[in-house]
Structure formats: structure tokens, C-alpha cells
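Below: upload-v4.txt (compact mmCIF, C-alpha atoms and all ligand atoms)
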# COMPACT_ATOMS: atom_id res chain seq x y z
CA MET D 259 0.00 0.00 0.00
CA ALA D 260 1.25 3.51 -0.82
CA GLU D 261 2.40 5.54 2.16
CA GLN D 262 -0.37 7.33 4.03
CA THR D 263 -0.38 11.06 4.61
CA SER D 264 -0.30 12.91 7.91
CA ILE D 265 -0.93 16.50 8.99
CA LEU D 266 1.30 18.37 11.42
CA LEU D 267 -0.77 19.59 14.37
CA ASN D 268 -0.05 22.94 16.00
CA ASN D 269 1.49 21.16 19.03
CA GLY D 270 4.16 19.69 16.74
CA THR D 271 2.82 16.13 16.63
CA SER D 272 1.69 14.45 13.47
CA ILE D 273 -1.83 13.06 12.90
CA PRO D 274 -2.45 10.32 10.30
CA GLN D 275 -5.12 11.61 7.94
CA VAL D 276 -7.29 8.49 7.92
CA ALA D 277 -8.58 7.04 11.19
CA LEU D 278 -10.91 4.22 12.06
CA GLY D 279 -13.99 5.85 13.59
CA VAL D 280 -15.81 3.66 16.12
CA PHE D 281 -19.05 5.56 16.83
CA ARG D 282 -21.99 3.17 17.41
CA MET D 283 -19.65 0.22 17.83
CA PRO D 284 -20.17 -1.95 20.96
CA ASP D 285 -17.83 -2.42 23.93
CA SER D 286 -17.20 -5.97 22.86
CA GLU D 287 -15.30 -8.35 20.66
CA GLU D 288 -16.73 -6.82 17.45
CA THR D 289 -14.97 -3.53 18.14
CA THR D 290 -11.80 -5.16 19.43
CA ALA D 291 -11.64 -7.19 16.21
CA ALA D 292 -12.30 -4.12 14.04
CA VAL D 293 -9.52 -2.14 15.75
CA GLN D 294 -7.14 -5.05 15.47
CA ALA D 295 -8.04 -5.57 11.78
CA ALA D 296 -7.54 -1.87 11.10
CA LEU D 297 -4.10 -1.79 12.70
CA GLU D 298 -3.12 -4.95 10.85
CA VAL D 299 -3.94 -3.38 7.47
CA GLY D 300 -2.02 -0.20 8.24
CA TYR D 301 -4.28 2.23 10.14
CA ARG D 302 -2.31 4.19 12.71
CA HIS D 303 -5.14 6.33 14.07
CA ILE D 304 -8.21 5.29 16.09
CA ASP D 305 -10.89 7.81 17.06
CA THR D 306 -13.15 6.97 20.01
CA ALA D 307 -15.03 8.88 22.74
CA CYS D 308 -16.20 8.30 26.29
CA VAL D 309 -19.83 8.44 25.16
CA TYR D 310 -19.32 5.73 22.53
CA GLY D 311 -18.95 3.38 25.50
CA ASN D 312 -16.28 1.29 23.77
CA GLU D 313 -12.97 2.62 25.06
CA ARG D 314 -12.28 -0.71 26.79
CA ALA D 315 -12.74 -2.69 23.57
CA VAL D 316 -10.64 -0.18 21.63
CA GLY D 317 -7.76 -0.49 24.10
CA GLU D 318 -7.99 -4.27 23.91
CA GLY D 319 -7.80 -4.13 20.10
CA LEU D 320 -4.70 -1.94 20.32
CA ARG D 321 -2.95 -4.37 22.63
CA ARG D 322 -4.02 -7.44 20.68
CA SER D 323 -2.67 -6.02 17.42
CA GLY D 324 0.84 -5.99 18.84
CA VAL D 325 1.46 -2.66 17.09
CA ASP D 326 3.75 -0.42 19.11
CA ARG D 327 1.76 2.13 21.14
CA GLY D 328 4.08 4.92 20.05
CA SER D 329 3.18 4.47 16.40
CA VAL D 330 -0.61 4.70 16.89
CA PHE D 331 -2.51 7.99 17.26
CA VAL D 332 -5.40 7.60 19.73
CA THR D 333 -8.14 10.19 20.22
CA THR D 334 -10.88 10.21 22.84
CA LYS D 335 -13.37 12.86 23.95
CA LEU D 336 -14.79 14.47 27.07
CA TRP D 337 -18.54 13.90 27.29
CA ASN D 338 -21.15 16.63 27.83
CA ASP D 339 -22.34 15.44 31.27
CA ASP D 340 -18.75 15.64 32.52
CA ILE D 341 -18.37 19.12 31.00
CA ARG D 342 -21.54 20.31 32.76
CA ALA D 343 -20.44 18.69 36.04
CA HIS D 344 -16.97 20.31 35.74
CA ARG D 345 -15.25 16.96 36.08
CA ALA D 346 -12.95 17.01 33.05
CA LYS D 347 -9.87 15.84 34.93
CA ASP D 348 -11.62 12.89 36.60
CA ALA D 349 -13.39 11.94 33.37
CA PHE D 350 -10.07 12.00 31.52
CA GLY D 351 -8.49 9.65 34.07
CA GLU D 352 -11.46 7.30 33.71
CA SER D 353 -11.05 7.27 29.92
CA LEU D 354 -7.35 6.42 30.25
CA ASP D 355 -8.22 3.60 32.68
CA ARG D 356 -10.81 2.14 30.28
CA LEU D 357 -8.41 2.40 27.35
CA GLY D 358 -5.64 0.89 29.46
CA LEU D 359 -3.28 3.62 28.26
CA ASP D 360 -1.12 6.12 30.10
CA TYR D 361 -1.66 8.86 27.52
CA VAL D 362 -3.77 9.75 24.50
CA ASP D 363 -2.54 11.62 21.46
CA LEU D 364 -5.56 13.92 21.29
CA TYR D 365 -8.28 14.75 23.83
CA LEU D 366 -11.30 16.68 22.59
CA ILE D 367 -14.22 18.56 24.16
CA HIS D 368 -17.00 16.58 22.47
CA TRP D 369 -19.65 19.33 22.20
CA PRO D 370 -19.81 22.96 23.33
CA ALA D 371 -21.97 22.02 26.34
CA ASP D 372 -22.47 24.57 29.13
CA GLY D 373 -19.24 24.76 31.07
CA TRP D 374 -16.94 24.11 28.10
CA GLN D 375 -14.90 27.19 28.99
CA GLN D 376 -13.82 25.66 32.31
CA ALA D 377 -13.29 22.32 30.60
CA TRP D 378 -10.85 24.03 28.22
CA ASP D 379 -8.86 25.34 31.21
CA ASP D 380 -8.83 21.85 32.74
CA MET D 381 -7.71 20.33 29.47
CA GLN D 382 -4.73 22.66 29.37
CA GLU D 383 -3.68 21.21 32.75
CA ILE D 384 -4.17 17.71 31.36
CA ALA D 385 -1.96 18.59 28.39
CA ALA D 386 0.67 20.07 30.71
CA SER D 387 0.76 16.75 32.59
CA GLY D 388 1.79 15.03 29.34
CA ARG D 389 -1.14 12.60 29.49
CA ALA D 390 -2.74 14.17 26.40
CA LYS D 391 -0.19 15.10 23.76
CA ALA D 392 -2.64 17.46 22.08
CA ILE D 393 -5.99 18.96 23.06
CA GLY D 394 -8.80 20.24 20.91
CA VAL D 395 -12.53 20.51 20.47
CA SER D 396 -15.34 19.01 18.47
CA ASN D 397 -18.53 20.49 17.09
CA PHE D 398 -17.36 24.04 17.67
CA HIS D 399 -18.77 26.64 15.30
CA GLN D 400 -16.74 29.71 14.41
CA HIS D 401 -18.39 31.71 17.16
CA HIS D 402 -17.47 29.12 19.82
CA MET D 403 -13.91 29.12 18.53
CA ASN D 404 -13.74 32.90 18.47
CA GLU D 405 -14.85 32.99 22.11
CA LEU D 406 -12.28 30.34 23.04
CA LEU D 407 -9.44 32.10 21.23
CA ALA D 408 -10.33 35.44 22.80
CA ASN D 409 -9.89 33.90 26.25
CA SER D 410 -7.04 31.43 25.82
CA ASP D 411 -3.46 31.50 24.64
CA VAL D 412 -3.68 27.83 23.75
CA VAL D 413 -5.07 27.24 20.26
CA PRO D 414 -6.95 23.92 19.92
CA ALA D 415 -5.04 21.43 17.78
CA ALA D 416 -8.20 20.22 16.05
CA ASP D 417 -11.94 20.77 15.64
CA GLN D 418 -13.85 17.62 14.73
CA VAL D 419 -17.03 18.57 12.89
CA GLU D 420 -19.61 17.08 10.57
CA SER D 421 -18.36 17.17 6.98
CA SER D 422 -19.10 15.17 3.86
CA PRO D 423 -19.78 15.98 0.22
CA GLN D 424 -23.45 16.46 1.20
CA PHE D 425 -22.65 18.86 4.04
CA THR D 426 -19.17 20.13 3.27
CA ASN D 427 -18.98 22.68 6.11
CA GLN D 428 -16.42 24.35 3.85
CA GLU D 429 -16.62 27.81 5.38
CA LEU D 430 -15.76 26.38 8.80
CA VAL D 431 -13.03 24.17 7.30
CA ASP D 432 -11.46 27.23 5.64
CA TYR D 433 -11.71 29.24 8.87
CA LEU D 434 -9.99 26.45 10.84
CA HIS D 435 -7.19 26.15 8.29
CA GLY D 436 -6.70 29.91 8.59
CA LYS D 437 -6.22 29.57 12.36
CA GLY D 438 -3.83 26.60 12.15
CA ILE D 439 -6.48 24.29 13.62
CA THR D 440 -6.77 20.92 11.90
CA PRO D 441 -10.32 20.12 10.74
CA GLU D 442 -11.49 16.54 11.27
CA ALA D 443 -14.60 15.16 9.56
CA TRP D 444 -17.18 12.99 11.30
CA SER D 445 -19.87 11.24 9.22
CA PRO D 446 -17.37 11.61 6.37
CA LEU D 447 -19.25 9.11 4.19
CA GLY D 448 -22.60 10.73 4.84
CA GLY D 449 -23.37 8.66 7.94
CA THR D 450 -25.16 5.41 8.70
CA GLY D 451 -28.31 5.11 6.61
CA GLY D 452 -27.25 7.92 4.26
CA ASN D 453 -27.53 7.74 0.47
CA LEU D 454 -24.31 9.51 -0.50
CA LEU D 455 -22.36 6.40 -1.50
CA THR D 456 -24.98 5.33 -4.05
CA ASP D 457 -24.64 8.55 -6.02
CA PRO D 458 -23.71 7.63 -9.62
CA LEU D 459 -21.24 10.53 -9.84
CA LEU D 460 -19.01 8.90 -7.24
CA ALA D 461 -19.12 5.54 -9.05
CA GLU D 462 -18.28 7.30 -12.30
CA ILE D 463 -15.27 9.09 -10.81
CA GLY D 464 -14.17 5.93 -9.00
CA ALA D 465 -14.29 3.90 -12.22
CA LYS D 466 -11.53 6.08 -13.69
CA TYR D 467 -9.18 5.03 -10.91
CA GLY D 468 -10.46 1.54 -10.08
CA LYS D 469 -11.80 2.85 -6.75
CA THR D 470 -15.16 2.64 -4.95
CA ALA D 471 -17.46 5.55 -4.09
CA ALA D 472 -16.27 5.41 -0.45
CA GLN D 473 -12.63 5.61 -1.52
CA VAL D 474 -13.41 8.60 -3.74
CA VAL D 475 -15.08 10.42 -0.84
CA ILE D 476 -12.21 9.63 1.56
CA ARG D 477 -9.74 10.90 -1.03
CA TRP D 478 -11.80 14.10 -1.45
CA HIS D 479 -11.45 14.75 2.30
CA ILE D 480 -7.70 14.07 2.20
CA GLN D 481 -7.14 16.51 -0.65
CA ARG D 482 -9.08 19.20 1.26
CA GLY D 483 -6.56 18.93 4.11
CA VAL D 484 -9.07 17.30 6.43
CA VAL D 485 -8.59 14.33 8.78
CA VAL D 486 -11.20 11.70 7.92
CA LEU D 487 -12.74 9.15 10.30
CA PRO D 488 -14.72 6.56 8.32
CA LYS D 489 -16.49 3.98 10.48
CA SER D 490 -16.90 0.37 9.49
CA THR D 491 -17.06 -2.96 11.26
CA HIS D 492 -16.47 -4.94 8.06
CA ALA D 493 -12.90 -6.09 7.47
CA ASP D 494 -13.17 -5.63 3.69
CA ARG D 495 -14.43 -2.05 4.04
CA ILE D 496 -11.88 -1.25 6.74
CA ARG D 497 -9.18 -2.37 4.30
CA GLN D 498 -10.75 -0.47 1.42
CA ASN D 499 -11.08 2.78 3.36
CA ILE D 500 -7.34 3.13 3.89
CA ASP D 501 -6.39 2.06 0.39
CA VAL D 502 -6.63 5.64 -0.86
CA PHE D 503 -3.03 6.79 -1.17
CA ASP D 504 -2.23 5.49 -4.64
CA PHE D 505 -4.44 7.81 -6.69
CA ALA D 506 -5.33 11.51 -6.82
CA LEU D 507 -8.54 13.26 -7.78
CA THR D 508 -8.23 16.03 -10.35
CA ASP D 509 -9.43 19.57 -9.66
CA ALA D 510 -12.38 18.79 -11.93
CA ASP D 511 -13.22 15.68 -9.84
CA MET D 512 -13.01 17.74 -6.63
CA SER D 513 -15.34 20.40 -8.06
CA ALA D 514 -17.79 17.80 -9.32
CA ILE D 515 -17.94 16.17 -5.87
CA ASN D 516 -18.62 19.58 -4.32
CA THR D 517 -21.82 19.79 -6.38
CA LEU D 518 -23.30 16.98 -4.24
CA SER D 519 -23.72 19.47 -1.41
CA THR D 520 -27.28 19.76 -0.12
CA GLY D 521 -26.35 22.01 2.80
CA LYS D 522 -28.30 19.67 5.10
CA ARG D 523 -26.75 18.17 8.21
CA ASN D 524 -26.98 14.49 9.10
CA GLY D 525 -26.41 15.13 12.76
CA ALA D 526 -27.15 17.76 15.38
CA ASP D 527 -26.37 21.46 15.00
CA PRO D 528 -23.87 22.52 17.67
CA ASP D 529 -26.07 25.57 18.31
CA ASN D 530 -29.08 23.40 19.07
CA PHE D 531 -28.46 20.04 20.68
CA SER D 532 -30.19 18.44 23.64
CA PHE D 533 -27.83 15.76 24.89
P1 LIG M 1 -20.59 -0.57 8.07
O1 LIG M 1 -20.12 -0.22 9.44
O2 LIG M 1 -21.73 -1.58 8.10
O3 LIG M 1 -19.48 -0.97 7.12
P2 LIG M 1 -19.75 7.49 8.32
O4 LIG M 1 -18.33 7.07 8.50
O5 LIG M 1 -19.99 8.60 7.39
O6 LIG M 1 -20.48 7.64 9.62
O7 LIG M 1 -20.50 6.30 7.55
C1 LIG M 1 -20.40 5.05 7.98
C2 LIG M 1 -21.39 4.21 7.21
O8 LIG M 1 -20.87 3.86 5.94
C3 LIG M 1 -21.61 2.97 7.97
O9 LIG M 1 -22.96 2.62 7.82
C4 LIG M 1 -20.70 1.97 7.30
O10 LIG M 1 -21.30 0.71 7.37
C5 LIG M 1 -20.66 2.46 5.87
N1 LIG M 1 -19.37 2.23 5.21
C6 LIG M 1 -18.14 2.42 5.71
N2 LIG M 1 -17.20 2.15 4.80
C7 LIG M 1 -17.85 1.79 3.66
C8 LIG M 1 -17.43 1.40 2.37
N3 LIG M 1 -16.15 1.32 2.05
N4 LIG M 1 -18.39 1.10 1.46
C9 LIG M 1 -19.70 1.18 1.77
N5 LIG M 1 -20.15 1.55 2.98
C10 LIG M 1 -19.24 1.85 3.92
Show this structure as C-alpha cells.
Amino acid sequence: MAEQTSILLNNGTSIPQVALGVFRMPDSEETTAAVQAALEVGYRHIDTACVYGNERAVGEGLRRSGVDRGSVFVTTKLWNDDIRAHRAKDAFGESLDRLGLDYVDLYLIHWPADGWQQAWDDMQEIAASGRAKAIGVSNFHQHHMNELLANSDVVPAADQVESSPQFTNQELVDYLHGKGITPEAWSPLGGTGGNLLTDPLLAEIGAKYGKTAAQVVIRWHIQRGVVVLPKSTHADRIRQNIDVFDFALTDADMSAINTLSTGKRNGADPDNFSF
């Protein structure tokens, strides 16, 4: 497989551009096997969260793969209830315990829940302790980020937001690039139950390169300078989703994929969520 690409984060560490996302995967053997399969076919980045409830299974998959901890980038996230209860530091320790790790590569505020400002202060202490190599946020709009930056000298390393050809979130992606904050895309394939991957345009572009619709979409994210977190529990798809470094989309392909935008979100709007 051709060498995968990484992005340099603003803390000086490097983040592999394709991760295995594990949202909606259980805290059981299925997830352990998926993580192990991913690492065996070359993934070096796993993206989980406290609220996914599968940190234990993810950690087990990491250990079972035998891949050196230092060569894998692990992200987890601080859940909203813990933000509201001002217990970021305890919640972080609990995540590490479940993962069975002594550090993570990236720790994110999962949503801008009430109290996120204090959580950001706490996360800076966590980063200073060395137990999170980088800290960042998720689901922050520009206005959340502007508030954060006005009150903190520490610039988040990443903002993980919804992005796919159907909901590109391009204005936010451009804003983040301008601030040196790495954008990460969740629901990058249009989400579970979505219809993006059946669009004939993606099959048509893929046919030129011998690639599937999913591979075309993942490549589109990569060429936009975005970290992409496709989720799959199927070994063949897991393998397929990282086999995206031996072809390049043309500018015309990129523009054509942009026309799939509907402007409609799959998930919640960070200005209006109730969890
Ligand atoms: P599954 O887990 O059954 O493989 P997103 O990452 O945008 O949330 O989308 C994930 C959805 O896309 C899941 O339903 C996943 O299903 C499916 N999926 C992931 N990779 C592929 C692929 N290479 N081809 C088709 N569907 C895929």
C-alpha cells in the first residue's frame, strides 16, 4: 500500500489523515476485532469517545494487534455530562483507565456544552501533565472558537465537525485552516443510513481510478486537508477505506464532488443540541 499522509498539528505532533472511527460500535469483541483488523492493514489512528462506550474494547484491540503504542494515534473525547459537572480531569483519568493507556494523542471537548470554557482550562492542565499530547474541540462553530481564542493563549489542535460531500462545512473548514487548527470530519461518508455512496457521480469518478465511491469520498477529504474518520465494522471495508493513497482526484473531480452538497446536516447542529 502507498504511504499514508499525515498532517502536522499545531502542538508539533503528526496526525495520520485516515482514522478508524468507532461511533456506534459496541464495547465488545466486534470492536476489538475491528480495531485489530484496522491496525493490521495499516491504520495508525483510532478515534473513540467516552460516550461511545467502547474505550475498553478499543484499548484491547490496540494491545491485541501488537502494534507499538508509540506508532498509533489515539483520540478520545470528554462527554457533555462531565463538561456540565466540571469533572474534566476525573473523566479524563477514567477514559485512560478504560483504554488501558497512560496517555492519549488527542483529547477533545466533544460538544460545546455549558461549562466548556472551564473544561478548556482543565484540558490545558491535562496537556501540561503530558497525558494528552494534544488537546482540541469538536462540534465548535466559528463563534465558539472565536470565544475560546479570545480567552485562551492555547489554540486547539483540532476541531472535529460534521463534513461530507453532502454537508461540506467548507466555510468552517477554511476558517480552521486559517487559524492553524486541523479540521477533522465525522460522518465523512454521509453517515449510517445515508444515500451519499450510491450517487452515480461517485461511481463514475471511481471507475476512472479503479476505486469505490467510499474511496473517492475519503480521497476528497484528504485533498481538502481534512482528517477523515470513516467507520466500518467490516474487514473488507476497513481495508478499502485506507487504500486511498495510490491515486489523486483532479481539480475537476473535486469540483464535481462539491456539487453533491445539499447544505443539510446528518447530525445535530452545535447551536441546538439536547444531549
Ligand atoms: P458498516 O459499518 O456496516 O461498514 P460514516 O463514517 O460517514 O459515519 O459512515 C459510515 C457508514 O458507511 C456505515 O454505515 C458503514 O457501514 C458504511 N461504510 C463504511 N465504509 C464503507 C465502504 N467502504 N463502502 C460502503 N459503505 C461503507
All residues having an atom within 6 Å of ligand LIG 1 (chain M) (all atoms listed in the file) as a ChimeraX atom specification:
/D:445-450,472,488-492,495,498-499
Find the residues around Trp337 in chain D up to 9 Å (all atoms listed in the file counted), leave out those fewer than 5 positions away in its own chain, and share them as a PyMOL selection string.
chain D and resi 307-309+342+346+349+367-369+371
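Shortest atom-to-atom contact with Thr263 in chain D among D:Thr456, D:Ser286, D:Gln481, D:Ser422: D:Gln481, counting only C-alpha atoms.
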So, counting all atoms listed in the file, which residue among D:Leu336, D:Val293, D:Asp305, D:Ile341 is closest to Arg321 in chain D?
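Closest to Arg321 in chain D of all the choices is D:Val293.
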What's the 9 Å shell around Leu434 in chain D, counting all atoms listed in the file, without same-chain residues fewer than 6 positions away, as a PyMOL selection string?
chain D and resi 400+416-417+440-441
Point out the residue among D:His399, D:Tyr310, D:Ser410, D:Arg389 with the least atom-to-atom distance to Gln375 in chain D, counting all atoms listed in the file.
D:Ser410
For Ala471 in chain D, which of D:Tyr301, D:Leu364, D:Pro423, D:Lys437 is the closest residue, counting all atoms listed in the file?
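Of all the options, D:Pro423 lies closest to Ala471 in chain D.
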Would you list the residues near (-11.0, 13.3, 31.3) (no more than 12 Å away, in the coordinates of the file, using only C-alpha atoms) as a PDB file with C-alpha atoms, in the coordinates of the input?
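Output file result_20.pdb is given in full below:
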ATOM      1  CA  ALA D 307     -15.030   8.880  22.740  1.00  0.00           C
ATOM      2  CA  CYS D 308     -16.200   8.300  26.290  1.00  0.00           C
ATOM      3  CA  VAL D 309     -19.830   8.440  25.160  1.00  0.00           C
ATOM      4  CA  THR D 333      -8.140  10.190  20.220  1.00  0.00           C
ATOM      5  CA  THR D 334     -10.880  10.210  22.840  1.00  0.00           C
ATOM      6  CA  LYS D 335     -13.370  12.860  23.950  1.00  0.00           C
ATOM      7  CA  LEU D 336     -14.790  14.470  27.070  1.00  0.00           C
ATOM      8  CA  TRP D 337     -18.540  13.900  27.290  1.00  0.00           C
ATOM      9  CA  ASN D 338     -21.150  16.630  27.830  1.00  0.00           C
ATOM     10  CA  ASP D 339     -22.340  15.440  31.270  1.00  0.00           C
ATOM     11  CA  ASP D 340     -18.750  15.640  32.520  1.00  0.00           C
ATOM     12  CA  ILE D 341     -18.370  19.120  31.000  1.00  0.00           C
ATOM     13  CA  ALA D 343     -20.440  18.690  36.040  1.00  0.00           C
ATOM     14  CA  HIS D 344     -16.970  20.310  35.740  1.00  0.00           C
ATOM     15  CA  ARG D 345     -15.250  16.960  36.080  1.00  0.00           C
ATOM     16  CA  ALA D 346     -12.950  17.010  33.050  1.00  0.00           C
ATOM     17  CA  LYS D 347      -9.870  15.840  34.930  1.00  0.00           C
ATOM     18  CA  ASP D 348     -11.620  12.890  36.600  1.00  0.00           C
ATOM     19  CA  ALA D 349     -13.390  11.940  33.370  1.00  0.00           C
ATOM     20  CA  PHE D 350     -10.070  12.000  31.520  1.00  0.00           C
ATOM     21  CA  GLY D 351      -8.490   9.650  34.070  1.00  0.00           C
ATOM     22  CA  GLU D 352     -11.460   7.300  33.710  1.00  0.00           C
ATOM     23  CA  SER D 353     -11.050   7.270  29.920  1.00  0.00           C
ATOM     24  CA  LEU D 354      -7.350   6.420  30.250  1.00  0.00           C
ATOM     25  CA  ASP D 355      -8.220   3.600  32.680  1.00  0.00           C
ATOM     26  CA  ARG D 356     -10.810   2.140  30.280  1.00  0.00           C
ATOM     27  CA  LEU D 357      -8.410   2.400  27.350  1.00  0.00           C
ATOM     28  CA  TYR D 361      -1.660   8.860  27.520  1.00  0.00           C
ATOM     29  CA  VAL D 362      -3.770   9.750  24.500  1.00  0.00           C
ATOM     30  CA  LEU D 364      -5.560  13.920  21.290  1.00  0.00           C
ATOM     31  CA  TYR D 365      -8.280  14.750  23.830  1.00  0.00           C
ATOM     32  CA  LEU D 366     -11.300  16.680  22.590  1.00  0.00           C
ATOM     33  CA  ILE D 367     -14.220  18.560  24.160  1.00  0.00           C
ATOM     34  CA  HIS D 368     -17.000  16.580  22.470  1.00  0.00           C
ATOM     35  CA  ALA D 377     -13.290  22.320  30.600  1.00  0.00           C
ATOM     36  CA  TRP D 378     -10.850  24.030  28.220  1.00  0.00           C
ATOM     37  CA  ASP D 380      -8.830  21.850  32.740  1.00  0.00           C
ATOM     38  CA  MET D 381      -7.710  20.330  29.470  1.00  0.00           C
ATOM     39  CA  GLN D 382      -4.730  22.660  29.370  1.00  0.00           C
ATOM     40  CA  GLU D 383      -3.680  21.210  32.750  1.00  0.00           C
ATOM     41  CA  ILE D 384      -4.170  17.710  31.360  1.00  0.00           C
ATOM     42  CA  ALA D 385      -1.960  18.590  28.390  1.00  0.00           C
ATOM     43  CA  ARG D 389      -1.140  12.600  29.490  1.00  0.00           C
ATOM     44  CA  ALA D 390      -2.740  14.170  26.400  1.00  0.00           C
ATOM     45  CA  ILE D 393      -5.990  18.960  23.060  1.00  0.00           C
TER      46      ILE D 393
END
Between D:Leu266, D:Leu507, D:Ile496, D:Leu320, single out the one closest to Leu278 in chain D, counting only C-alpha atoms.
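Looking only at the distances to Leu278 in chain D, the closest residue turns out to be D:Ile496.
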For CA of Asn453 in chain D and CA of Phe505 in chain D, quote the distance in Å rounded to one decimal.
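About the pair CA of Asn453 in chain D and CA of Phe505 in chain D: they are 24.2 Å apart.
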My list of candidates is D:Val475, D:Glu261, D:Ala277, D:Ser421. Which is closest to Ile463 in chain D when distances are computed with only C-alpha atoms?
D:Val475
Do you know which residues are at most 8 Å from Phe331 in chain D counting all atoms listed in the file, after dropping those on the same chain fewer than 3 positions away, and could you put them as a PDB file with C-alpha atoms, keeping the file's coordinate frame?
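Result written to part-v9.pdb:
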ATOM      1  CA  ILE D 273      -1.830  13.060  12.900  1.00  0.00           C
ATOM      2  CA  PRO D 274      -2.450  10.320  10.300  1.00  0.00           C
ATOM      3  CA  ARG D 302      -2.310   4.190  12.710  1.00  0.00           C
ATOM      4  CA  HIS D 303      -5.140   6.330  14.070  1.00  0.00           C
ATOM      5  CA  ILE D 304      -8.210   5.290  16.090  1.00  0.00           C
ATOM      6  CA  GLY D 328       4.080   4.920  20.050  1.00  0.00           C
ATOM      7  CA  VAL D 362      -3.770   9.750  24.500  1.00  0.00           C
ATOM      8  CA  ASP D 363      -2.540  11.620  21.460  1.00  0.00           C
ATOM      9  CA  LEU D 364      -5.560  13.920  21.290  1.00  0.00           C
TER      10      LEU D 364
END
Could you please determine the separation between CA of Gln418 in chain D and CA of Asn397 in chain D in Å, to one decimal place?
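Separating CA of Gln418 in chain D from CA of Asn397 in chain D is a distance of 6.0 Å.
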One decimal, Å: what's the distance from CA of Lys466 in chain D over to CA of Arg497 in chain D, could you say?
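Value for the CA of Lys466 in chain D-CA of Arg497 in chain D distance: 20.0 Å.
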